[in-house]
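What follows is a short report on a single structure.
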Amino acid sequence: MIVDENAWPSSGAAQTAVEQCPNLSGSNAAQPSSQVPERGSPIELTQHLEQGTTIALASVSADIDFLRGQLDDLAGLVRARLSYDQTKEQAFDRLYSELDALKKNAALDNIKPLLLDLILLYDRMEHARQLAADTQGNLSTEVLQSFIQELLEVLYRREVSLIEAGPSSFDYNQQKAIGVVDVTDPAEHQRIYKVVRRGFRLGQRTLRPEEVIVCRVLAPPPSAKPDRD
């Protein structure tokens with residue numbers, strides 16, 4: 001195929017054609033590489049708003065992430081505290097149970113000797129009952145006295161002893177008046193008339209005061225005044 005060179009326009013003719021088509025030349029040659037909006041234009045304001053919104057959202061997102069981390073730490077502390085409280089409560093419950101068991105064992109250890117002594121006293125009384133049955137119900141004074149001595153021995157091992165016979169006058173520290181006997185002699189006032197029950201002492205303290213009946217002097221009746229009428 002033979003192309004006629006005269007069929008193509010020359011460079012001058014092409015330049016003339018471009019100049020004669022201003023729309024075409026303007027559309028191709030007037031496009032810049034980057035468009036910068038005019039200062040103060042709506043486009044510029046929109047871009048500034050978009051940039052501000054983006055920065056604000058990024059800041060809010062960072063704050064939310066920070067708060068989420070703080071809440072996670074707080075939740076961890078609460079869980080740890082609850083677990084600690086539960087563990088501590090269990091430990092205290094176990095300690096209280098052990099102390100209660102020790103207290104019961106200590107109480108039993110303290111009272112066990114007394115109980116054993118009382119059981120031995122029961123054995124003696126049961127043996128005496130059988131003897132009384134064999135002798136047709138006659139218990140001698142010696143047997144009864146032996147019971148008293150054995151019981152006093154049991155109490156003595158627990159540091160309990162009889163209060164020795166006190167003074168003949170009433171003593172508020174170790175005696176308790178449960179009755180009175182009226183007398184006329186002033187010298188008999190506050191004298192011990194009768195000991196009803198013996199007193200006991202635990203160590204140096206009065207465990208049970210001695211119960212006694214005390215003499216009391218009656219006040220003389222008032223003298224009658226003469227009638228002046």
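In the structure tokens, each chain is lettered A, B, ... as it comes, each chain's residues begin at 1, and ligands are numbered from 1 in order of appearance.
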Any idea what's packed within 10 Å of stretch 151-153 of chain A, counting only C-alpha atoms, ignoring anything in its chain fewer than 5 positions away? Could you give it as a PDB file with N, CA and C atoms, in the first residue's frame?
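Dumped everything to out.pdb:
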ATOM      1  N   ASP A 117     -13.159 -38.351 138.465  1.00  0.00           N
ATOM      2  CA  ASP A 117     -13.249 -38.458 139.930  1.00  0.00           C
ATOM      3  C   ASP A 117     -14.690 -38.663 140.381  1.00  0.00           C
ATOM      4  N   LEU A 118     -15.621 -37.955 139.740  1.00  0.00           N
ATOM      5  CA  LEU A 118     -17.023 -38.125 140.098  1.00  0.00           C
ATOM      6  C   LEU A 118     -17.516 -39.531 139.738  1.00  0.00           C
ATOM      7  N   LEU A 120     -15.628 -42.181 139.823  1.00  0.00           N
ATOM      8  CA  LEU A 120     -15.107 -43.041 140.894  1.00  0.00           C
ATOM      9  C   LEU A 120     -15.951 -42.914 142.159  1.00  0.00           C
ATOM     10  N   LEU A 121     -16.407 -41.679 142.448  1.00  0.00           N
ATOM     11  CA  LEU A 121     -17.278 -41.500 143.612  1.00  0.00           C
ATOM     12  C   LEU A 121     -18.597 -42.244 143.415  1.00  0.00           C
ATOM     13  N   GLN A 145     -19.006 -40.866 156.209  1.00  0.00           N
ATOM     14  CA  GLN A 145     -17.856 -39.988 156.382  1.00  0.00           C
ATOM     15  C   GLN A 145     -16.806 -40.245 155.298  1.00  0.00           C
ATOM     16  N   SER A 146     -16.693 -41.500 154.904  1.00  0.00           N
ATOM     17  CA  SER A 146     -15.736 -41.808 153.828  1.00  0.00           C
ATOM     18  C   SER A 146     -16.166 -41.173 152.517  1.00  0.00           C
ATOM     19  N   ARG A 158      -9.211 -29.948 142.471  1.00  0.00           N
ATOM     20  CA  ARG A 158      -9.620 -28.848 141.589  1.00  0.00           C
ATOM     21  C   ARG A 158      -9.423 -27.496 142.278  1.00  0.00           C
ATOM     22  N   GLU A 159      -8.602 -27.464 143.331  1.00  0.00           N
ATOM     23  CA  GLU A 159      -8.286 -26.246 144.091  1.00  0.00           C
ATOM     24  C   GLU A 159      -9.508 -25.680 144.814  1.00  0.00           C
ATOM     25  N   VAL A 160     -10.456 -26.543 145.138  1.00  0.00           N
ATOM     26  CA  VAL A 160     -11.643 -26.143 145.891  1.00  0.00           C
ATOM     27  C   VAL A 160     -11.523 -26.737 147.290  1.00  0.00           C
ATOM     28  N   SER A 161     -11.678 -25.879 148.278  1.00  0.00           N
ATOM     29  CA  SER A 161     -11.534 -26.337 149.661  1.00  0.00           C
ATOM     30  C   SER A 161     -12.627 -25.729 150.529  1.00  0.00           C
ATOM     31  N   LEU A 162     -12.853 -26.354 151.686  1.00  0.00           N
ATOM     32  CA  LEU A 162     -13.832 -25.841 152.638  1.00  0.00           C
ATOM     33  C   LEU A 162     -13.319 -24.564 153.293  1.00  0.00           C
TER      34      LEU A 162
END
Exercise. Could you pull the residues within 7 Å of stretch 189-194 of chain A, counting only C-alpha atoms, minus those fewer than 2 positions along the same chain, as a list in words?
Worked result: Ser168, Ser169, Phe170, Pro186, Ala187, Val196, Val212, Ile213, Val214, Cys215, Arg216 and Val217 of chain A
For this session: Can you list, as a PyMOL selection string, all residues belonging to stretch 22-193 of chain A that DSSP tags as strand (DSSP E or B)?
Result: chain A and resi 160-162+169+175-183+191-193
For this session: Go ahead and compute the interatomic distance for atom CA of A:Leu207 and atom CA of A:Ala177, in Å to one decimal.
Result: 15.8 Å
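From atom CA of A:Gln204 back to atom CA of A:Gly179, the distance works out to 26.5 Å.
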For this session: Could you pull out the residues in stretch 38-185 of chain A that DSSP calls helix (DSSP H, G or I) from the backbone, as number ranges by chain?
Result: A: 42-134, 141-157
Selected residues written out with C-alpha atoms, as a short mmCIF file (atom, residue, chain, number, x, y, z; two decimals), in the first residue's frame:
data_model
loop_
_atom_site.label_atom_id
_atom_site.label_comp_id
_atom_site.auth_asym_id
_atom_site.auth_seq_id
_atom_site.Cartn_x
_atom_site.Cartn_y
_atom_site.Cartn_z
CA PRO A 42 -16.35 26.63 50.19
CA ILE A 43 -14.05 23.89 48.97
CA GLU A 44 -11.25 25.07 51.25
CA LEU A 45 -13.64 25.31 54.24
CA THR A 46 -14.93 21.81 53.55
CA GLN A 47 -11.39 20.46 53.42
CA HIS A 48 -10.54 22.17 56.73
CA LEU A 49 -13.67 20.73 58.33
CA GLU A 50 -12.84 17.26 57.07
CA GLN A 51 -9.29 17.52 58.41
CA GLY A 52 -10.54 18.77 61.81
CA THR A 53 -13.13 16.01 61.98
CA THR A 54 -10.50 13.40 61.17
CA ILE A 55 -8.17 14.71 63.90
CA ALA A 56 -11.01 14.88 66.42
CA LEU A 57 -12.13 11.34 65.64
CA ALA A 58 -8.57 10.10 66.01
CA SER A 59 -8.28 11.84 69.40
CA VAL A 60 -11.62 10.42 70.58
CA SER A 61 -10.61 6.96 69.44
CA ALA A 62 -7.35 7.25 71.37
CA ASP A 63 -9.22 8.41 74.47
CA ILE A 64 -11.67 5.51 74.15
CA ASP A 65 -8.79 3.05 73.85
CA PHE A 66 -7.17 4.60 76.95
CA LEU A 67 -10.41 4.40 78.93
CA ARG A 68 -10.94 0.83 77.81
CA GLY A 69 -7.49 -0.05 79.12
CA GLN A 70 -8.22 1.69 82.42
CA LEU A 71 -11.53 -0.17 82.76
CA ASP A 72 -9.81 -3.47 82.04
CA ASP A 73 -7.22 -2.72 84.74
CA LEU A 74 -9.98 -1.74 87.17
CA ALA A 75 -11.95 -4.89 86.39
CA GLY A 76 -8.80 -6.92 87.04
CA LEU A 77 -8.29 -5.21 90.39
CA VAL A 78 -11.92 -5.85 91.37
CA ARG A 79 -11.65 -9.53 90.43
CA ALA A 80 -8.39 -9.82 92.36
CA ARG A 81 -9.95 -8.10 95.38
CA LEU A 82 -13.00 -10.34 95.31
CA SER A 83 -10.81 -13.39 95.02
CA TYR A 84 -8.66 -12.14 97.93
CA ASP A 85 -11.71 -11.44 100.09
CA GLN A 86 -13.14 -14.87 99.35
CA THR A 87 -9.81 -16.53 100.16
CA LYS A 88 -9.48 -14.48 103.35
CA GLU A 89 -13.04 -15.36 104.41
CA GLN A 90 -12.36 -19.04 103.83
CA ALA A 91 -9.14 -18.78 105.83
CA PHE A 92 -10.95 -17.07 108.73
CA ASP A 93 -13.73 -19.67 108.67
CA ARG A 94 -11.14 -22.43 108.82
CA LEU A 95 -9.31 -20.64 111.63
CA TYR A 96 -12.52 -20.17 113.62
CA SER A 97 -13.37 -23.83 113.17
CA GLU A 98 -9.94 -24.88 114.38
CA LEU A 99 -10.12 -22.52 117.36
CA ASP A 100 -13.57 -23.82 118.26
CA ALA A 101 -12.30 -27.38 118.09
CA LEU A 102 -9.28 -26.46 120.23
CA LYS A 103 -11.55 -24.72 122.73
CA LYS A 104 -13.79 -27.75 123.00
CA ASN A 105 -10.79 -30.03 123.40
CA ALA A 106 -9.29 -27.72 126.03
CA ALA A 107 -12.60 -27.62 127.93
CA LEU A 108 -12.79 -31.39 127.82
CA ASP A 109 -9.19 -31.70 129.00
CA ASN A 110 -9.94 -29.38 131.92
CA ILE A 111 -13.13 -31.07 133.04
CA LYS A 112 -12.17 -34.66 132.26
CA PRO A 113 -10.26 -35.27 135.54
CA LEU A 114 -13.22 -33.97 137.54
CA LEU A 115 -15.62 -36.18 135.63
CA LEU A 116 -13.42 -39.21 136.21
CA ASP A 117 -13.25 -38.46 139.93
CA LEU A 118 -17.02 -38.12 140.10
CA ILE A 119 -17.36 -41.43 138.28
CA LEU A 120 -15.11 -43.04 140.89
CA LEU A 121 -17.28 -41.50 143.61
CA TYR A 122 -20.31 -43.00 141.89
CA ASP A 123 -18.59 -46.39 141.97
CA ARG A 124 -18.05 -46.01 145.72
CA MET A 125 -21.68 -45.00 146.31
CA GLU A 126 -22.92 -47.89 144.20
CA HIS A 127 -20.77 -50.26 146.18
CA ALA A 128 -22.12 -48.76 149.43
CA ARG A 129 -25.68 -49.21 148.16
CA GLN A 130 -25.04 -52.87 147.56
CA LEU A 131 -23.60 -53.21 151.05
CA ALA A 132 -26.64 -51.43 152.49
CA ALA A 133 -28.91 -53.82 150.62
CA ASP A 134 -26.98 -56.75 152.06
CA THR A 141 -21.50 -43.25 159.97
CA GLU A 142 -18.03 -44.36 158.88
CA VAL A 143 -19.26 -45.11 155.35
CA LEU A 144 -20.95 -41.73 155.04
CA GLN A 145 -17.86 -39.99 156.38
CA SER A 146 -15.74 -41.81 153.83
CA PHE A 147 -17.99 -40.44 151.07
CA ILE A 148 -17.53 -36.92 152.40
CA GLN A 149 -13.77 -37.27 152.60
CA GLU A 150 -13.54 -38.68 149.09
CA LEU A 151 -15.70 -35.88 147.69
CA LEU A 152 -13.57 -33.27 149.48
CA GLU A 153 -10.51 -34.91 147.96
CA VAL A 154 -12.05 -34.61 144.49
CA LEU A 155 -12.74 -30.92 145.09
CA TYR A 156 -9.30 -30.34 146.55
CA ARG A 157 -7.68 -31.63 143.35
#
Exercise. Expressed in Å to a single decimal, how great is the separation between atom CA of A:Gly203 and atom CA of A:Asn173?
Worked result: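 So the two atoms, atom CA of A:Gly203 and atom CA of A:Asn173, lie 14.9 Å apart.
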Exercise. Could you pull the residues within 9 Å of A:Glu210, counting only C-alpha atoms, minus those fewer than 5 positions along the same chain, as a PyMOL selection string?
Worked result: chain A and resi 163+174-177+195-200
